[in-house]
Every structure is written in structure tokens, then in C-alpha cells.
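Below is structure-v8.txt, which holds compact mmCIF, C-alpha atoms.
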# COMPACT_ATOMS: atom_id res chain seq x y z
CA MET Z 1 -1.15 -14.35 -4.39
CA ASN Z 2 -1.32 -10.66 -3.50
CA ARG Z 3 -1.02 -9.59 0.11
CA SER Z 4 -3.61 -7.27 1.61
CA PHE Z 5 -3.41 -4.65 4.35
CA ASN Z 6 -6.36 -3.06 6.14
CA LEU Z 7 -5.45 0.58 6.61
CA LYS Z 8 -7.53 2.57 9.08
CA PHE Z 9 -7.71 6.23 8.14
CA LEU Z 10 -9.07 9.10 10.23
CA SER Z 11 -9.77 12.70 9.26
CA LEU Z 12 -10.89 15.58 11.46
CA ASN Z 13 -10.81 19.31 11.93
CA CYS Z 14 -9.27 19.74 15.38
CA ASN Z 15 -10.57 23.29 15.66
CA GLY Z 16 -7.10 24.47 16.57
CA LEU Z 17 -5.18 21.42 17.74
CA ILE Z 18 -2.41 23.41 19.37
CA LYS Z 19 -4.96 25.49 21.25
CA THR Z 20 -6.41 22.25 22.55
CA THR Z 21 -3.05 20.72 23.38
CA ASN Z 22 -2.13 23.76 25.46
CA LYS Z 23 -4.74 22.56 27.91
CA SER Z 24 -3.06 19.54 29.44
CA THR Z 25 -6.16 17.56 30.47
CA ALA Z 26 -8.07 18.20 27.26
CA GLU Z 27 -4.93 17.48 25.25
CA SER Z 28 -4.33 14.19 27.00
CA ASN Z 29 -7.92 13.01 26.58
CA PHE Z 30 -8.16 14.17 22.97
CA ILE Z 31 -4.95 12.46 21.88
CA LYS Z 32 -5.80 9.35 23.89
CA HIS Z 33 -9.15 9.10 22.16
CA LEU Z 34 -7.54 9.33 18.73
CA LYS Z 35 -4.96 6.70 19.64
CA GLN Z 36 -7.69 4.47 21.01
CA GLN Z 37 -9.14 4.27 17.49
CA LYS Z 38 -5.92 2.47 16.48
CA PRO Z 39 -5.56 4.29 13.18
CA HIS Z 40 -2.67 3.96 10.77
CA LEU Z 41 -3.03 7.48 9.38
CA ILE Z 42 -4.67 10.67 10.61
CA ALA Z 43 -5.40 13.70 8.43
CA ILE Z 44 -5.71 16.85 10.51
CA GLN Z 45 -7.14 20.24 9.58
CA GLU Z 46 -6.81 23.53 11.44
CA SER Z 47 -3.65 22.30 13.10
CA HIS Z 48 -2.17 25.74 13.92
CA ALA Z 49 1.28 24.14 13.68
CA HIS Z 50 3.02 27.38 12.79
CA THR Z 51 6.52 26.60 14.01
CA GLU Z 52 8.94 23.69 14.11
CA GLN Z 53 8.71 23.71 17.89
CA ILE Z 54 4.94 23.23 17.74
CA GLN Z 55 5.31 20.52 15.12
CA SER Z 56 7.87 18.69 17.27
CA SER Z 57 5.51 18.96 20.24
CA LEU Z 58 2.67 17.48 18.19
CA ASN Z 59 4.89 14.65 16.98
CA PHE Z 60 5.76 13.91 20.60
CA GLN Z 61 2.08 13.94 21.59
CA PHE Z 62 1.16 11.55 18.76
CA GLN Z 63 4.35 9.50 19.26
CA THR Z 64 4.89 9.44 15.52
CA THR Z 65 8.09 9.01 13.56
CA SER Z 66 6.59 10.12 10.24
CA SER Z 67 4.44 13.21 9.81
CA ILE Z 68 3.95 16.27 7.62
CA TRP Z 69 2.77 19.56 9.10
CA THR Z 70 1.87 23.03 7.86
CA LYS Z 71 0.26 25.91 9.72
CA HIS Z 72 -3.17 24.77 8.47
CA CYS Z 73 -3.10 20.98 8.31
CA GLY Z 74 -1.11 17.82 8.84
CA ILE Z 75 -0.82 14.09 8.17
CA VAL Z 76 0.38 11.74 10.91
CA SER Z 77 1.44 8.12 10.61
CA MET Z 78 0.66 6.13 13.73
CA SER Z 79 2.61 3.11 12.51
CA PRO Z 80 6.43 3.06 12.39
CA GLU Z 81 6.19 0.95 9.23
CA ILE Z 82 4.13 3.51 7.30
CA ILE Z 83 6.23 6.31 5.86
CA LEU Z 84 5.02 9.69 4.59
CA SER Z 85 6.85 11.77 2.00
CA VAL Z 86 5.88 15.14 0.58
CA VAL Z 87 4.75 15.30 -3.03
CA SER Z 88 3.50 18.88 -2.89
CA ILE Z 89 2.42 21.59 -0.47
CA THR Z 90 0.49 24.56 -1.83
CA ALA Z 91 1.83 28.06 -1.25
CA ASP Z 92 -0.94 28.92 1.22
CA GLN Z 93 -0.15 25.70 3.16
CA ARG Z 94 -3.80 24.67 3.08
CA VAL Z 95 -3.16 21.52 1.05
CA ILE Z 96 -0.66 18.70 1.56
CA LEU Z 97 -0.23 15.99 -1.06
CA ALA Z 98 1.78 13.09 0.35
CA LYS Z 99 2.95 9.68 -0.77
CA VAL Z 100 2.38 6.77 1.61
CA THR Z 101 4.57 3.67 1.56
CA HIS Z 102 5.11 0.63 3.76
CA THR Z 103 8.60 -0.41 4.79
CA SER Z 104 7.80 -4.07 4.05
CA HIS Z 105 5.80 -3.30 0.90
CA TYR Z 106 2.57 -4.67 2.39
CA PHE Z 107 0.68 -2.42 -0.01
CA ASP Z 108 1.44 -0.50 -3.17
CA PRO Z 109 2.12 3.23 -2.70
CA LEU Z 110 -0.92 5.43 -2.21
CA TYR Z 111 -1.40 9.16 -1.94
CA ILE Z 112 -3.16 11.39 0.58
CA MET Z 113 -4.39 14.91 -0.08
CA VAL Z 114 -5.46 16.69 3.08
CA LEU Z 115 -7.00 20.12 2.69
CA TYR Z 116 -8.44 22.86 4.84
CA ALA Z 117 -10.50 25.27 2.75
CA PRO Z 118 -11.07 28.90 3.78
CA ALA Z 119 -14.07 29.48 6.02
CA ASN Z 120 -14.46 33.19 5.27
CA GLY Z 121 -16.84 33.17 2.33
CA LYS Z 122 -17.68 31.58 -1.01
CA SER Z 123 -15.43 33.76 -3.16
CA PRO Z 124 -12.24 32.95 -1.22
CA ARG Z 125 -13.21 29.27 -1.32
CA TYR Z 126 -13.82 29.38 -5.08
CA ARG Z 127 -10.39 30.95 -5.62
CA PHE Z 128 -8.84 28.38 -3.28
CA TYR Z 129 -10.20 25.36 -5.20
CA SER Z 130 -9.26 26.98 -8.52
CA GLN Z 131 -5.72 27.36 -7.24
CA VAL Z 132 -5.64 23.76 -6.02
CA LEU Z 133 -6.58 22.53 -9.49
CA ASN Z 134 -3.92 24.75 -11.02
CA ASP Z 135 -1.11 23.96 -8.57
CA LEU Z 136 -1.74 20.20 -8.47
CA SER Z 137 -2.86 19.69 -12.07
CA LEU Z 138 0.08 17.43 -12.96
CA SER Z 139 -0.61 15.14 -10.00
CA LEU Z 140 -4.40 15.10 -10.37
CA ASN Z 141 -4.11 14.30 -14.07
CA ASN Z 142 -1.66 11.47 -13.43
CA PRO Z 143 -3.71 8.22 -13.27
CA SER Z 144 -1.15 6.47 -11.08
CA ILE Z 145 -1.69 9.18 -8.44
CA ARG Z 146 -5.34 10.08 -9.01
CA ASP Z 147 -6.61 6.48 -8.98
CA ASN Z 148 -4.71 5.76 -5.74
CA LEU Z 149 -5.54 9.01 -4.00
CA ILE Z 150 -7.45 9.76 -0.81
CA ILE Z 151 -8.79 13.30 -0.53
CA ALA Z 152 -9.75 14.23 3.01
CA GLY Z 153 -10.43 17.40 4.89
CA ASP Z 154 -12.67 20.26 5.82
CA PHE Z 155 -14.14 21.49 2.51
CA ASN Z 156 -16.06 24.20 4.39
CA TYR Z 157 -19.17 23.78 2.23
CA ASP Z 158 -21.84 21.16 1.60
CA ILE Z 159 -21.48 19.59 -1.84
CA GLN Z 160 -25.14 18.55 -1.87
CA LYS Z 161 -26.55 22.01 -1.24
CA SER Z 162 -27.99 23.98 -4.14
CA ASP Z 163 -25.29 26.65 -3.94
CA PHE Z 164 -22.37 24.21 -4.14
CA THR Z 165 -21.30 25.60 -7.53
CA LEU Z 166 -20.60 28.97 -5.92
CA ASN Z 167 -18.00 27.45 -3.61
CA ALA Z 168 -15.78 25.69 -6.16
CA PRO Z 169 -15.36 25.56 -9.96
CA PHE Z 170 -17.02 22.97 -12.17
CA ALA Z 171 -13.69 21.20 -12.74
CA TRP Z 172 -13.35 20.47 -9.02
CA HIS Z 173 -16.80 18.91 -8.78
CA SER Z 174 -16.28 17.02 -12.02
CA LEU Z 175 -13.10 15.53 -10.58
CA LEU Z 176 -14.82 14.43 -7.37
CA PHE Z 177 -18.00 13.08 -8.98
CA ASN Z 178 -16.32 11.20 -11.83
CA SER Z 179 -13.08 9.93 -10.33
CA PHE Z 180 -13.75 9.53 -6.61
CA THR Z 181 -16.10 7.90 -4.12
CA ASN Z 182 -17.61 9.72 -1.15
CA CYS Z 183 -16.77 7.22 1.59
CA MET Z 184 -19.59 8.32 3.88
CA ARG Z 185 -22.72 9.12 1.88
CA GLU Z 186 -22.15 6.74 -1.03
CA LEU Z 187 -21.22 3.73 1.06
CA ASN Z 188 -23.65 4.14 3.92
CA PRO Z 189 -26.84 6.20 3.47
CA HIS Z 190 -27.16 6.36 7.26
CA LEU Z 191 -24.04 8.54 7.29
CA ASP Z 192 -25.75 11.35 5.38
CA ILE Z 193 -25.57 13.42 8.54
CA PRO Z 194 -23.90 16.70 9.60
CA THR Z 195 -20.21 16.63 10.42
CA PHE Z 196 -20.16 20.10 12.02
CA ARG Z 197 -22.22 21.48 14.85
CA ARG Z 198 -22.16 24.84 16.57
CA GLY Z 199 -24.62 25.46 19.36
CA SER Z 200 -28.09 24.01 18.97
CA SER Z 201 -29.01 25.50 15.60
CA ILE Z 202 -26.06 25.21 13.20
CA PHE Z 203 -25.58 21.81 11.57
CA SER Z 204 -23.59 21.35 8.35
CA VAL Z 205 -21.77 18.77 6.26
CA LEU Z 206 -18.31 20.23 5.83
CA ASP Z 207 -15.95 17.28 6.21
CA TYR Z 208 -15.27 14.56 3.65
CA ILE Z 209 -13.19 11.56 2.74
CA TYR Z 210 -13.03 10.71 -0.96
CA THR Z 211 -11.08 7.76 -2.38
CA GLY Z 212 -9.85 7.08 -5.89
CA THR Z 213 -11.18 4.40 -8.23
CA ALA Z 214 -8.57 1.84 -7.18
CA PHE Z 215 -10.11 1.69 -3.70
CA ARG Z 216 -13.84 1.73 -4.54
CA ALA Z 217 -14.40 -1.98 -3.96
CA ASN Z 218 -12.09 -2.09 -0.95
CA ILE Z 219 -13.59 0.52 1.37
CA HIS Z 220 -15.38 -0.67 4.48
CA SER Z 221 -16.37 0.37 7.98
CA PRO Z 222 -17.10 4.06 7.26
CA GLU Z 223 -17.98 5.89 10.45
CA ILE Z 224 -18.77 9.39 11.71
CA GLN Z 225 -18.05 9.93 15.39
CA TYR Z 226 -19.24 12.79 17.53
CA LEU Z 227 -16.39 14.20 19.61
CA ASN Z 228 -16.43 15.97 22.93
CA LYS Z 229 -17.28 19.62 22.22
CA GLN Z 230 -14.38 20.68 24.45
CA TRP Z 231 -12.08 19.20 21.82
CA THR Z 232 -13.71 20.27 18.55
CA ASP Z 233 -17.03 21.13 16.93
CA HIS Z 234 -16.34 18.77 14.00
CA ALA Z 235 -16.98 15.05 13.79
CA LEU Z 236 -14.29 12.42 13.38
CA LEU Z 237 -14.47 10.62 10.03
CA CYS Z 238 -13.15 7.05 9.92
CA VAL Z 239 -12.76 4.56 7.11
CA THR Z 240 -10.83 1.34 6.55
CA ILE Z 241 -9.36 0.60 3.14
CA LYS Z 242 -8.20 -2.83 2.07
CA LEU Z 243 -4.94 -2.19 0.25
CA VAL Z 244 -3.24 -4.76 -1.93
CA SER Z 245 0.38 -5.32 -2.78
CA SER Z 246 1.17 -6.50 -6.27
CA ASN Z 247 4.54 -7.63 -4.92
CA ASN Z 248 4.76 -11.34 -4.35
CA GLY Z 249 7.08 -12.53 -1.67
CA LYS Z 250 7.93 -15.36 0.62
CA GLY Z 251 4.97 -17.08 2.18
CA PHE Z 252 3.12 -18.23 -0.93
CA TRP Z 253 4.76 -21.30 -2.40
CA ARG Z 254 5.34 -21.45 -6.11
CA ALA Z 255 7.41 -23.75 -8.28
CA ASN Z 256 10.74 -22.56 -9.61
CA PRO Z 257 9.95 -21.62 -13.24
CA THR Z 258 13.49 -22.53 -14.37
CA LEU Z 259 12.73 -26.21 -13.72
CA VAL Z 260 10.97 -26.51 -17.08
CA THR Z 261 14.29 -25.87 -18.83
CA ILE Z 262 15.78 -29.03 -17.29
CA LYS Z 263 15.22 -32.12 -19.41
CA ASP Z 264 15.61 -34.48 -16.45
CA PHE Z 265 12.85 -32.65 -14.56
CA ARG Z 266 10.46 -32.72 -17.51
CA GLN Z 267 10.93 -36.46 -17.94
CA LYS Z 268 10.48 -37.28 -14.24
CA PHE Z 269 7.53 -34.90 -13.91
CA ALA Z 270 5.77 -36.55 -16.85
CA THR Z 271 6.40 -39.98 -15.34
CA MET Z 272 4.95 -38.82 -12.00
CA LEU Z 273 1.76 -37.52 -13.64
CA THR Z 274 1.37 -40.68 -15.72
CA THR Z 275 1.70 -42.81 -12.60
CA LEU Z 276 -0.70 -40.58 -10.66
CA HIS Z 277 -3.51 -40.62 -13.20
CA PRO Z 278 -4.81 -44.16 -12.49
CA THR Z 279 -5.09 -43.34 -8.79
CA LEU Z 280 -7.71 -40.58 -9.30
CA ASP Z 281 -11.03 -41.36 -7.62
CA PRO Z 282 -13.73 -41.41 -10.34
CA THR Z 283 -16.36 -40.30 -7.80
CA CYS Z 284 -14.60 -36.99 -7.14
CA THR Z 285 -15.34 -33.68 -8.85
CA PRO Z 286 -12.85 -32.07 -11.28
CA GLN Z 287 -11.96 -29.54 -8.58
CA GLN Z 288 -11.20 -32.34 -6.10
CA HIS Z 289 -9.09 -34.07 -8.74
CA TRP Z 290 -7.16 -30.86 -9.31
CA GLU Z 291 -6.53 -30.35 -5.59
CA PHE Z 292 -5.31 -33.96 -5.33
CA ILE Z 293 -2.95 -33.49 -8.29
CA LYS Z 294 -1.63 -30.18 -6.95
CA LYS Z 295 -0.83 -31.76 -3.60
CA HIS Z 296 1.26 -34.46 -5.27
CA MET Z 297 2.86 -31.97 -7.68
CA VAL Z 298 4.04 -29.79 -4.80
CA LYS Z 299 5.45 -32.79 -2.95
CA PHE Z 300 7.25 -34.03 -6.08
CA ILE Z 301 8.70 -30.62 -7.00
CA LYS Z 302 9.95 -29.88 -3.49
CA GLN Z 303 11.63 -33.29 -3.30
CA TYR Z 304 13.14 -32.84 -6.75
CA CYS Z 305 14.50 -29.40 -5.85
CA ARG Z 306 16.12 -30.71 -2.69
CA GLU Z 307 17.76 -33.55 -4.60
CA ARG Z 308 18.70 -31.25 -7.47
CA GLY Z 309 20.26 -28.72 -5.10
CA SER Z 310 22.38 -31.39 -3.42
CA TRP Z 311 23.42 -32.88 -6.77
CA ARG Z 312 24.22 -29.40 -8.17
CA GLN Z 313 26.63 -28.57 -5.34
CA LYS Z 314 28.39 -31.92 -5.64
CA GLN Z 315 28.58 -31.60 -9.42
CA LEU Z 316 29.99 -28.09 -9.23
CA LYS Z 317 32.62 -29.17 -6.75
CA ALA Z 318 33.57 -32.13 -8.95
CA LEU Z 319 33.75 -30.00 -12.12
CA GLN Z 320 35.86 -27.33 -10.43
CA SER Z 321 38.21 -30.03 -9.15
CA LYS Z 322 38.32 -31.64 -12.62
CA ARG Z 323 39.18 -28.29 -14.23
CA ASN Z 324 41.88 -27.52 -11.68
CA ASN Z 325 43.46 -30.94 -12.04
CA PHE Z 326 43.38 -30.64 -15.82
CA LEU Z 327 45.11 -27.24 -15.71
CA ARG Z 328 47.79 -28.55 -13.37
CA LYS Z 329 48.51 -31.63 -15.44
CA GLN Z 330 47.95 -30.41 -18.97
CA LYS Z 331 50.16 -27.57 -20.19
CA SER Z 332 49.42 -27.93 -23.90
CA PRO Z 333 47.48 -24.90 -25.22
CA VAL Z 334 45.95 -27.05 -27.95
CA LEU Z 335 44.53 -29.62 -25.55
CA ARG Z 336 43.40 -26.89 -23.17
CA ALA Z 337 41.53 -25.22 -26.02
CA GLN Z 338 39.84 -28.51 -26.87
CA ILE Z 339 38.90 -29.77 -23.39
CA LEU Z 340 38.41 -26.72 -21.14
CA PRO Z 341 35.38 -25.19 -22.98
CA THR Z 342 33.29 -28.29 -22.31
CA ILE Z 343 34.09 -28.33 -18.59
CA GLU Z 344 33.65 -24.57 -18.24
CA THR Z 345 30.31 -24.62 -20.07
CA GLN Z 346 29.05 -27.23 -17.62
CA ILE Z 347 30.23 -25.11 -14.68
CA ALA Z 348 28.69 -21.94 -16.14
CA THR Z 349 25.36 -23.69 -16.72
CA LEU Z 350 25.13 -24.83 -13.10
CA GLN Z 351 26.26 -21.42 -11.79
CA LYS Z 352 23.60 -19.70 -13.89
CA GLU Z 353 20.99 -22.09 -12.55
CA ILE Z 354 21.95 -21.09 -9.00
CA THR Z 355 21.96 -17.35 -9.72
CA ASP Z 356 18.59 -17.59 -11.49
CA ILE Z 357 17.12 -19.20 -8.39
CA LEU Z 358 18.68 -16.56 -6.14
CA ALA Z 359 17.28 -13.79 -8.35
CA ILE Z 360 13.81 -15.28 -8.05
CA ARG Z 361 14.08 -15.59 -4.28
CA SER Z 362 15.37 -12.06 -3.76
CA GLY Z 363 12.94 -10.35 -6.12
CA THR Z 364 9.64 -8.94 -4.86
CA THR Z 365 7.89 -9.75 -8.12
CA TRP Z 366 8.23 -12.86 -10.22

Taking this structure as input, can you express it in the form of C-alpha cells?
Amino acid sequence: MNRSFNLKFLSLNCNGLIKTTNKSTAESNFIKHLKQQKPHLIAIQESHAHTEQIQSSLNFQFQTTSSIWTKHCGIVSMSPEIILSVVSITADQRVILAKVTHTSHYFDPLYIMVLYAPANGKSPRYRFYSQVLNDLSLSLNNPSIRDNLIIAGDFNYDIQKSDFTLNAPFAWHSLLFNSFTNCMRELNPHLDIPTFRRGSSIFSVLDYIYTGTAFRANIHSPEIQYLNKQWTDHALLCVTIKLVSSNNGKGFWRANPTLVTIKDFRQKFATMLTTLHPTLDPTCTPQQHWEFIKKHMVKFIKQYCRERGSWRQKQLKALQSKRNNFLRKQKSPVLRAQILPTIETQIATLQKEITDILAIRSGTTW
């Protein structure tokens, strides 16, 4: 059975995070509010993290051990078990593409693209998105990345306005509309609201979270939060994604598949099922019968494995002793050639059985 992990993801334009964090009270309250959301990952735009000193200061404020910063944006892991690694950063530092992994493999790797588009006109924005498509074409055309990708950030234009084609090329919109889900508008019509406000007259939808096809059925709890205007004039976008690990590990019991190669097991297992059949309650449903049989199968297999393990160790010890005694007592090369292969084959068979079991136990997939 696959494990699942509910990853809470936030995205926001901080409107100059370092400018905010230079004001101690505002900084403290802003960061506290973000931490209070208990996110796993935060995508940040307009970070103003120009230097390593500023980036180190931000890492200290967020108390993160894994983060990626540029002068325009950043990605922060709020969990020590979630690790970020750079896939690509565009030359203008407005886009970060990162790989996200979990130290205990609680979910399969996913990818985050955080972007902060230019705010100084449609033409610069159009060139920006054209460059993004060009610089990241290999990644965006790779299904293993694209289908497991979250795109988040300040697009600096409203995709639903009539002039949206003037802000970005057709290929950009085709990518979003055909391969991604708008986590706000598409999942909750009530969230078709502005994400940016300036004064009492300017309201716009500039901020987005899009997720790849692998996550479409697993997105829940989308939310748009108004934030104190002393912190930023953008809203905080939140979404939770149910991630799945295809790695199977300890915790879900399964029978050792090598048992079917053992003749003794097959015979005893068949006898157990034959004996069990007359005890089935005819008033029960097929599903109830199956649950009853499974319960007895598990009990039988566990008991057999315990007994087999004990017998295997004793048998190995006896065979090793038999071989050693034979070598000490029998010096004839002819007799050794006749007798030793049989003993050694028996030892090798039992040793392989043990190593096969160990390989199954140590592997993450089987």
C-alpha cells in the first residue's frame, strides 16, 4: 500500500521581504504569521535577497535548513525532512526550478517552479515568458518533471483578462491550460477574487498556483488570505497536496514471495486451506469469507516463517559442522569431489534464501 503525505504549500509576493524584515516588529509578526500556517514549503516573490548575508538572515528568520534564494524570489522548506535542490535558475534570477525530496521517502520527488514576472509593462513580460520557455524547455517537456510540477508566483497579469495574450506567448498559455490546474479558480469558484490590492481602487489577480496532472485529484484546501497591508499588498495563496510514495516499506505486512519456491510451504499451505474451507460460514458474503481466509493465511504464514527461520539457522549450523568434520576426516580428493558438492549446494540454497529475504526487507520497493 502506498504511503501518503499532505504537503501544505504557500506562495506570496512579500513586496520586498528584506525591506519588511528590516523593521523588527513587522518582521517578527510577518514571519510569525507565516509559521503559524504550519506550511511545509513557501514560495516567495520579490525577496530582495541580493547577497549571501541577506539570504543567511532570511534563513535564520525562517529557521530553515533547506532553501534556495535569488535576488527576486526564493523557496523555503519549513520541515527539516524536506530537502530542496536546484534544477535550474534563469539568468535574470526571476525563476527558480527546484526538486523537492523527503529524507524518509514519504513522497515521490516533485518539482517547484517559483517565478516573479516583470511588473514594468507587457512587452518586458512577454519577453520574460518567452525566455522562460526557451531556458526551461528541456524540463518543461520532460513528463516526469512537468506532470509533477508546481508553478507558483506573481505572474503580474490576469490570465482571464482579454489582453492576456499580450503578456505572454501562446505556448505559455497552452502549457498552463493543457497540462496544469489552477488551484484557486478551478477548484473553488469562490476563490475567483483579486490577489493584489493597492489603495481603494486597484484590484487585480496577479498571483497563481498551478499544479501538474499528477496532482489534479489530490489538491485540497485551497485558500486566499488577506495579509496586513503593512507586510504586503498581495494575498497569501495556500494549498494542500496529497502526495503519494510508490515506495513500499515497513508497516504494511506482506508475505515473503520466496515462500512459493519452497515445496514444504506449498504442501502445508494447501493443507491449511483445505482444512479451513469447511469452517466458512455459509451466511457470510464473499467479502467476509475473503477477510476470514486472509486472517488465517496471515497467521499461518507468520507462524511458518518463524518456524522456518529457526529451522534454517539450525540446519545451516549442522551443515557447516558436517562439512568441516568431513574435510578434517576425509583427505581423499575423489571422495571430497563426490560428497562436498551435495553439502555445499544445501548450504548455498539456505544462504540464498536468507539473502533473498534480507534484500526484500532492505529494499524500498518489492

query: Interatomic distance between atom CA of Z:Pro278 and atom CA of Z:Arg254?
result: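 Separating atom CA of Z:Pro278 from atom CA of Z:Arg254 is a distance of 25.7 Å.
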
Spatial neighbours of stretch 72-83 of chain Z, 7 Å, all atoms listed in the file, chain gap at least 3 places, as a ChimeraX atom specification: /Z:39-49,64-69,93-94,100-103,115-116

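Separating atom CA of Z:Gln330 from atom CA of Z:Ile343 is a distance of 14.0 Å.
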
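Non-sequential neighbours of Z:Val244 (distance at most 10 Å, separation of 3 or more positions within a chain, only C-alpha atoms) are Z:Asn2, Z:Arg3, Z:Ser4, Z:Phe5, Z:Asn6, Z:His105, Z:Tyr106, Z:Phe107, Z:Asp108, Z:Pro109, Z:Ala214, Z:Phe215, Z:Asn218, Z:Ile241, Z:Asn247.
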
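The space separating atom CA of Z:Asp92 from atom CA of Z:Asp158 comes to 22.3 Å.
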
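With distances taken over all atoms listed in the file, Z:Phe196 is the one residue among Z:Ile219, Z:Lys268, Z:Phe177, Z:Phe196 lying closest to Z:Asp233.
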
message: When you count all atoms listed in the file, which of these residues is closest to Z:Pro143: Z:Asn13, Z:Ser200, Z:Ser88, Z:Thr213?
response: Z:Thr213

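Minimum atom-to-atom distance to Z:Asp356, evaluated using all atoms listed in the file, belongs to Z:Leu259 out of Z:Phe265, Z:Lys295, Z:Leu259, Z:Thr342.
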
- request: Identify the residues within 8 Å of coordinate (-24.6, 17.9, 7.5) (same frame as the file), considering only C-alpha atoms, and give the answer as a PyMOL selection string.
  value: chain Z and resi 158+192-196+203-206

query: Nearest to Z:Ala98 among Z:Ser139, Z:Thr271, Z:Gln55, Z:Thr181, with distances taken over all atoms listed in the file: which residue is it?
result: Z:Ser139

- prompt: Out of Z:Ala255, Z:Val87, Z:Cys305, Z:Met113, which residue has the shortest atom-to-atom distance to Z:Tyr208 when counting only C-alpha atoms?
  reply: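 Smallest distance to Z:Tyr208 is found for Z:Met113.
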
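For the choices Z:Gln303, Z:Asn178, Z:Ser310, Z:Gln225, the atom-to-atom distance to Z:Ser11 is smallest for Z:Gln225 when using all atoms listed in the file.
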